[in-house]
file model.txt (compact mmCIF, C-alpha atoms)
# COMPACT_ATOMS: atom_id res chain seq x y z
CA MET L 1012 -0.28 56.53 47.84
CA LYS L 1013 -0.89 57.98 51.27
CA MET L 1014 0.79 56.67 54.39
CA THR L 1015 -2.51 55.36 55.78
CA GLU L 1016 -3.01 53.27 52.66
CA ASN L 1017 0.50 51.86 53.02
CA ARG L 1018 -0.13 50.80 56.62
CA SER L 1019 -2.69 48.29 55.36
CA TYR L 1020 0.18 46.53 53.62
CA LEU L 1021 2.29 46.38 56.77
CA GLN L 1022 1.20 42.92 57.91
CA LYS L 1023 1.24 41.45 54.40
CA TYR L 1024 4.80 42.55 53.67
CA ALA L 1025 6.03 41.84 57.20
CA MET L 1026 4.84 38.28 56.65
CA HIS L 1027 6.43 38.23 53.20
CA PHE L 1028 9.85 39.44 54.34
CA GLY L 1029 9.52 37.56 57.64
CA THR L 1030 9.16 34.35 55.64
CA TYR L 1031 12.40 35.09 53.82
CA MET L 1032 14.11 35.89 57.10
CA GLY L 1033 12.67 32.74 58.70
CA ILE L 1034 13.97 30.55 55.88
CA TYR L 1035 17.37 32.22 56.30
CA TRP L 1036 17.25 31.48 60.05
CA ILE L 1037 16.30 27.84 59.41
CA LEU L 1038 19.22 27.40 57.02
CA LYS L 1039 21.47 29.15 59.52
CA PHE L 1040 20.19 26.92 62.36
CA ILE L 1041 21.17 23.79 60.43
CA LEU L 1042 24.78 24.91 60.86
CA PHE L 1043 24.50 25.11 64.65
CA PRO L 1044 24.51 21.38 65.52
CA LEU L 1045 26.91 20.68 62.66
CA GLY L 1046 29.31 23.16 64.25
CA PHE L 1047 29.94 20.76 67.14
CA ARG L 1048 31.49 18.33 64.67
CA ILE L 1049 33.00 20.75 62.12
CA PRO L 1050 34.25 24.01 63.69
CA PHE L 1051 34.02 25.92 60.40
CA PHE L 1052 30.23 25.57 60.55
CA SER L 1053 30.23 27.24 63.98
CA PHE L 1054 32.20 30.12 62.55
CA LEU L 1055 29.81 30.34 59.58
CA PHE L 1056 26.82 30.24 61.96
CA ILE L 1057 28.22 33.20 63.91
CA ILE L 1058 28.91 35.20 60.73
CA LEU L 1059 25.39 34.52 59.41
CA THR L 1060 23.92 35.46 62.79
CA LEU L 1061 25.80 38.77 62.75
CA ALA L 1062 24.35 39.42 59.28
CA VAL L 1063 20.72 39.27 60.55
CA PRO L 1064 20.45 43.00 61.48
CA PHE L 1065 21.82 43.98 58.07
CA ILE L 1066 19.29 41.75 56.31
CA GLY L 1067 16.53 43.21 58.50
CA TYR L 1068 17.70 46.70 57.55
CA HIS L 1069 17.71 45.74 53.86
CA TYR L 1070 14.18 44.32 54.00
CA THR L 1071 12.84 47.31 55.93
CA LYS L 1072 14.49 49.71 53.50
CA MET L 1073 13.05 47.74 50.57
CA TYR L 1074 9.61 47.97 52.19
CA ARG L 1075 10.06 51.74 52.63
CA ASP L 1076 11.18 52.30 49.05
CA LYS L 1077 8.90 49.92 47.14
CA ILE L 1078 5.75 49.81 49.25
CA CYS L 1079 5.73 53.10 51.15
CA GLY L 1080 6.84 55.28 48.26
CA GLY L 1081 10.24 56.17 49.70
CA SER L 1082 9.14 57.57 53.06
CA ILE L 1083 8.26 55.93 56.36
CA GLN L 1084 7.67 57.17 59.88
CA PHE L 1085 9.71 55.81 62.78
CA SER L 1086 6.70 54.10 64.40
CA HIS L 1087 5.70 52.48 61.11
CA ALA L 1088 9.24 51.20 60.54
CA VAL L 1089 9.47 49.84 64.10
CA LEU L 1090 6.14 48.07 63.75
CA PHE L 1091 7.11 46.59 60.39
CA SER L 1092 10.47 45.38 61.74
CA ILE L 1093 8.93 43.87 64.88
CA PHE L 1094 6.33 42.05 62.81
CA MET L 1095 8.94 40.87 60.32
CA TYR L 1096 11.13 39.44 63.11
CA MET L 1097 8.08 37.97 64.83
CA PHE L 1098 6.97 36.12 61.68
CA ALA L 1099 10.54 34.91 61.10
CA SER L 1100 10.64 33.71 64.72
CA LEU L 1101 7.39 31.78 64.31
CA LEU L 1102 8.67 30.06 61.18
CA VAL L 1103 12.02 29.08 62.69
CA ALA L 1104 10.22 27.90 65.84
CA VAL L 1105 8.60 25.18 63.76
CA ALA L 1106 12.04 24.04 62.61
CA HIS L 1107 13.37 24.22 66.18
CA TYR L 1108 10.52 22.05 67.43
CA ILE L 1109 11.00 19.46 64.69
CA TYR L 1110 14.73 19.36 65.35
CA PHE L 1111 14.51 19.02 69.14
CA GLN L 1112 11.56 16.63 69.05
CA PHE L 1113 12.68 14.24 66.31
CA ILE L 1114 16.37 14.75 65.47
CA ASP L 1115 18.45 16.02 68.41
CA HIS L 1116 17.91 13.30 71.07
CA GLY L 1117 20.12 15.25 73.53
CA PHE L 1118 23.01 15.84 71.11
CA ILE L 1119 23.37 19.59 71.75
CA ILE L 1120 23.19 19.37 75.55
CA ASN L 1121 25.58 16.40 75.58
CA SER L 1122 27.98 18.35 73.37
CA TYR L 1123 27.81 21.34 75.71
CA THR L 1124 28.37 19.06 78.72
CA GLN L 1125 31.43 17.59 77.03
CA LEU L 1126 32.75 21.08 76.22
CA TRP L 1127 32.24 22.22 79.83
CA ASP L 1128 34.00 19.12 81.15
CA GLU L 1129 36.99 19.78 78.88
CA LEU L 1130 37.00 23.47 79.81
CA MET L 1131 36.93 22.70 83.54
CA ALA L 1132 39.75 20.16 83.14
CA ASN L 1133 41.88 22.78 81.37
CA THR L 1134 40.88 25.76 83.56
CA PRO L 1135 41.28 25.04 87.27
CA THR L 1136 39.64 28.35 88.29
CA LEU L 1137 36.31 27.12 86.91
CA ILE L 1138 36.18 24.25 89.41
CA GLU L 1139 34.74 26.71 91.93
CA SER L 1140 31.75 27.15 89.60
CA LYS L 1141 31.37 23.44 88.89
CA GLU L 1142 28.22 23.04 90.99
CA ILE L 1143 26.48 26.02 89.36
CA ILE L 1144 27.37 24.78 85.89
CA LYS L 1145 26.13 21.26 86.75
CA GLU L 1146 22.80 22.65 88.05
CA THR L 1147 22.40 24.77 84.92
CA ILE L 1148 23.07 21.81 82.61
CA ASP L 1149 20.68 19.63 84.63
CA SER L 1150 17.92 22.24 84.41
CA VAL L 1151 18.42 22.58 80.64
CA ARG L 1152 18.46 18.79 80.30
CA SER L 1153 15.03 18.66 82.01
CA LEU L 1154 13.43 20.85 79.31
CA ASN L 1155 11.34 19.09 76.69
CA SER L 1156 11.14 20.05 73.00
CA ILE L 1157 8.26 22.47 73.39
CA ASN L 1158 9.97 24.24 76.33
CA ILE L 1159 13.19 24.66 74.35
CA THR L 1160 11.23 25.88 71.33
CA MET L 1161 9.28 28.41 73.41
CA GLN L 1162 12.52 29.66 75.01
CA LEU L 1163 14.12 30.13 71.58
CA LEU L 1164 10.94 31.75 70.21
CA SER L 1165 10.80 34.28 73.03
CA TRP L 1166 14.55 34.93 72.66
CA ASP L 1167 14.13 35.58 68.90
CA VAL L 1168 11.13 37.88 69.40
CA PHE L 1169 12.94 39.77 72.17
CA TRP L 1170 16.07 40.38 70.08
CA GLY L 1171 13.98 41.16 67.00
CA SER L 1172 12.10 43.80 68.99
CA LEU L 1173 15.37 45.34 70.13
CA LEU L 1174 16.81 45.29 66.61
CA ALA L 1175 13.68 47.00 65.30
CA ILE L 1176 14.56 50.27 67.04
CA PRO L 1177 17.96 50.98 65.44
CA THR L 1178 16.67 49.60 62.14
CA ALA L 1179 13.74 52.02 62.19
CA LEU L 1180 16.02 54.92 63.14
CA MET L 1181 18.21 54.22 60.11
CA VAL L 1182 15.34 53.59 57.68
CA MET L 1183 12.86 56.33 58.63
CA LYS L 1184 12.53 59.04 56.05
CA ARG L 1185 10.13 61.92 55.88
CA ALA L 1186 7.98 62.45 52.83
CA LYS L 1187 9.03 65.33 50.65
CA PRO L 1188 6.54 68.16 50.93
CA GLU L 1189 4.44 68.57 47.84
CA ASN L 1190 4.55 72.02 46.34
CA ASN L 1191 1.07 72.71 45.01
CA GLU L 1192 1.56 76.45 44.62
CA PRO L 1193 1.99 77.74 41.09
CA SER L 1194 5.37 79.28 40.50
CA GLN L 1195 5.42 83.06 40.36
CA SER L 1196 7.53 84.73 37.71

call {"tool": "encode", "arguments": {"input": "model.txt", "output": "structure tokens"}}
result
Amino acid sequence: MKMTENRSYLQKYAMHFGTYMGIYWILKFILFPLGFRIPFFSFLFIILTLAVPFIGYHYTKMYRDKICGGSIQFSHAVLFSIFMYMFASLLVAVAHYIYFQFIDHGFIINSYTQLWDELMANTPTLIESKEIIKETIDSVRSLNSINITMQLLSWDVFWGSLLAIPTALMVMKRAKPENNEPSQS
């Protein structure tokens, strides 16, 4: 297949792999609030978050090898990766909204407030920043579920777009030139 034919599959497979990535992010997100109660889950959340670029690389490489016939241009790989992360971000945004609208009821912000209070009690040098920290927590507390979801969505799309560049650099591969000339003996 020619490269132009493969580009028509870009959106389809970006959605396909983006769905897998989004499900992974949803499962990973479940660990985030649990990490406030059980520290091991926080550690696991961080490890799984650090694995995201490697999974993105794997999916992009799979797309290159199985759909694009083993070769892909840089721009095509960047576009595929951006779309894949964008679709994953949209899927996890639904889970974020459901969580913050119906489940959280201020748990995460209250947990952060409690952590900051403990940190300031144990670190006297932070008392100088107490007012700034209080204003920041108050401004976050004023956000509703849709605002938080949109912030997380834009954060995910932003980082996905940045990750797309090194991923594409590692995955891009030129097509081998076809030798149509008959061999001379």

call {"tool": "residues_around", "arguments": {"input": "model.txt", "residues": "Leu1090 of chain L", "least_positions_apart": "6", "cutoff": "12 Å", "atoms": "all atoms listed in the file", "output": "ChimeraX atom specification"}}
result
/L:1018,1020-1022,1024-1025,1071,1083-1084,1096-1097,1171-1176,1178-1179,1183

call {"tool": "residues_around", "arguments": {"input": "model.txt", "residues": "Ala1186 of chain L", "least_positions_apart": "4", "cutoff": "10 Å", "atoms": "only C-alpha atoms", "output": "ChimeraX atom specification"}}
result
/L:1014,1079-1084

call {"tool": "closest_residue", "arguments": {"input": "model.txt", "among": "L:Val1151, L:Val1168, L:Ile1034, L:Ile1157", "to": "Ile1109 of chain L", "atoms": "all atoms listed in the file"}}
result
L:Ile1157

call {"tool": "atom_distance", "arguments": {"input": "model.txt", "atom1": "atom CA of Val1182 of chain L", "atom2": "atom CA of Lys1072 of chain L"}}
result
5.8 Å

call {"tool": "atom_distance", "arguments": {"input": "model.txt", "atom1": "atom CA of Gly1033 of chain L", "atom2": "atom CA of Leu1102 of chain L"}}
result
5.4 Å

call {"tool": "closest_residue", "arguments": {"input": "model.txt", "among": "L:Arg1152, L:Lys1141, L:Lys1187, L:His1107", "to": "Phe1040 of chain L", "atoms": "only C-alpha atoms"}}
result
L:His1107

call {"tool": "atom_distance", "arguments": {"input": "model.txt", "atom1": "atom CA of Arg1075 of chain L", "atom2": "atom CA of Lys1184 of chain L"}}
result
8.4 Å

call {"tool": "residues_around", "arguments": {"input": "model.txt", "residues": "segment 1048-1063 of chain L", "least_positions_apart": "2", "cutoff": "10 Å", "atoms": "only C-alpha atoms", "output": "short mmCIF file (atom, residue, chain, number, x, y, z; two decimals) with C-alpha atoms, in the frame of the given file"}}
result
data_model
loop_
_atom_site.label_atom_id
_atom_site.label_comp_id
_atom_site.auth_asym_id
_atom_site.auth_seq_id
_atom_site.Cartn_x
_atom_site.Cartn_y
_atom_site.Cartn_z
CA MET L 1032 14.11 35.89 57.10
CA TYR L 1035 17.37 32.22 56.30
CA TRP L 1036 17.25 31.48 60.05
CA LEU L 1038 19.22 27.40 57.02
CA LYS L 1039 21.47 29.15 59.52
CA PHE L 1040 20.19 26.92 62.36
CA ILE L 1041 21.17 23.79 60.43
CA LEU L 1042 24.78 24.91 60.86
CA PHE L 1043 24.50 25.11 64.65
CA PRO L 1044 24.51 21.38 65.52
CA LEU L 1045 26.91 20.68 62.66
CA GLY L 1046 29.31 23.16 64.25
CA PHE L 1065 21.82 43.98 58.07
CA ILE L 1066 19.29 41.75 56.31
CA GLY L 1067 16.53 43.21 58.50
CA TYR L 1068 17.70 46.70 57.55
CA HIS L 1069 17.71 45.74 53.86
CA TYR L 1096 11.13 39.44 63.11
CA SER L 1122 27.98 18.35 73.37
CA GLY L 1171 13.98 41.16 67.00
CA LEU L 1174 16.81 45.29 66.61
#

call {"tool": "closest_residue", "arguments": {"input": "model.txt", "among": "L:Leu1164, L:Met1026, L:Ile1143, L:Ile1159", "to": "Met1095 of chain L", "atoms": "all atoms listed in the file"}}
result
L:Met1026

call {"tool": "closest_residue", "arguments": {"input": "model.txt", "among": "L:Ser1140, L:Ala1088, L:Phe1094, L:Tyr1070", "to": "Lys1023 of chain L", "atoms": "all atoms listed in the file"}}
result
L:Phe1094

call {"tool": "closest_residue", "arguments": {"input": "model.txt", "among": "L:Gln1162, L:Asn1133, L:Thr1124, L:Ser1086", "to": "Thr1147 of chain L", "atoms": "all atoms listed in the file"}}
result
L:Thr1124

call {"tool": "closest_residue", "arguments": {"input": "model.txt", "among": "L:Ile1037, L:Tyr1031, L:Val1105, L:Asp1076", "to": "Arg1185 of chain L", "atoms": "all atoms listed in the file"}}
result
L:Asp1076

call {"tool": "decode", "arguments": {"input": "model.txt", "residues": "segment 1156-1169 of chain L", "atoms": "N, CA and C atoms", "output": "PDB file, in the first residue's frame"}}
result
ATOM      1  N   SER L1156     -16.897  20.959  38.534  1.00  0.00           N
ATOM      2  CA  SER L1156     -16.488  19.713  37.873  1.00  0.00           C
ATOM      3  C   SER L1156     -16.093  19.912  36.415  1.00  0.00           C
ATOM      4  N   ILE L1157     -16.839  20.709  35.701  1.00  0.00           N
ATOM      5  CA  ILE L1157     -16.541  20.907  34.283  1.00  0.00           C
ATOM      6  C   ILE L1157     -15.243  21.703  34.124  1.00  0.00           C
ATOM      7  N   ASN L1158     -14.994  22.675  35.012  1.00  0.00           N
ATOM      8  CA  ASN L1158     -13.738  23.437  34.949  1.00  0.00           C
ATOM      9  C   ASN L1158     -12.534  22.540  35.214  1.00  0.00           C
ATOM     10  N   ILE L1159     -12.643  21.695  36.225  1.00  0.00           N
ATOM     11  CA  ILE L1159     -11.554  20.767  36.539  1.00  0.00           C
ATOM     12  C   ILE L1159     -11.324  19.821  35.375  1.00  0.00           C
ATOM     13  N   THR L1160     -12.404  19.306  34.812  1.00  0.00           N
ATOM     14  CA  THR L1160     -12.306  18.381  33.682  1.00  0.00           C
ATOM     15  C   THR L1160     -11.651  19.050  32.483  1.00  0.00           C
ATOM     16  N   MET L1161     -12.047  20.285  32.192  1.00  0.00           N
ATOM     17  CA  MET L1161     -11.456  20.994  31.053  1.00  0.00           C
ATOM     18  C   MET L1161      -9.975  21.295  31.297  1.00  0.00           C
ATOM     19  N   GLN L1162      -9.609  21.617  32.538  1.00  0.00           N
ATOM     20  CA  GLN L1162      -8.196  21.837  32.868  1.00  0.00           C
ATOM     21  C   GLN L1162      -7.395  20.549  32.644  1.00  0.00           C
ATOM     22  N   LEU L1163      -7.921  19.432  33.132  1.00  0.00           N
ATOM     23  CA  LEU L1163      -7.225  18.148  32.964  1.00  0.00           C
ATOM     24  C   LEU L1163      -7.169  17.737  31.495  1.00  0.00           C
ATOM     25  N   LEU L1164      -8.252  17.997  30.748  1.00  0.00           N
ATOM     26  CA  LEU L1164      -8.279  17.676  29.323  1.00  0.00           C
ATOM     27  C   LEU L1164      -7.211  18.471  28.575  1.00  0.00           C
ATOM     28  N   SER L1165      -7.141  19.767  28.834  1.00  0.00           N
ATOM     29  CA  SER L1165      -6.138  20.575  28.138  1.00  0.00           C
ATOM     30  C   SER L1165      -4.727  20.181  28.553  1.00  0.00           C
ATOM     31  N   TRP L1166      -4.533  19.817  29.802  1.00  0.00           N
ATOM     32  CA  TRP L1166      -3.236  19.343  30.297  1.00  0.00           C
ATOM     33  C   TRP L1166      -2.838  18.063  29.568  1.00  0.00           C
ATOM     34  N   ASP L1167      -3.774  17.113  29.443  1.00  0.00           N
ATOM     35  CA  ASP L1167      -3.494  15.839  28.767  1.00  0.00           C
ATOM     36  C   ASP L1167      -3.183  16.045  27.283  1.00  0.00           C
ATOM     37  N   VAL L1168      -3.944  16.901  26.618  1.00  0.00           N
ATOM     38  CA  VAL L1168      -3.701  17.166  25.192  1.00  0.00           C
ATOM     39  C   VAL L1168      -2.354  17.865  25.008  1.00  0.00           C
ATOM     40  N   PHE L1169      -2.039  18.806  25.887  1.00  0.00           N
ATOM     41  CA  PHE L1169      -0.763  19.512  25.818  1.00  0.00           C
ATOM     42  C   PHE L1169       0.403  18.533  25.952  1.00  0.00           C
TER      43      PHE L1169
END
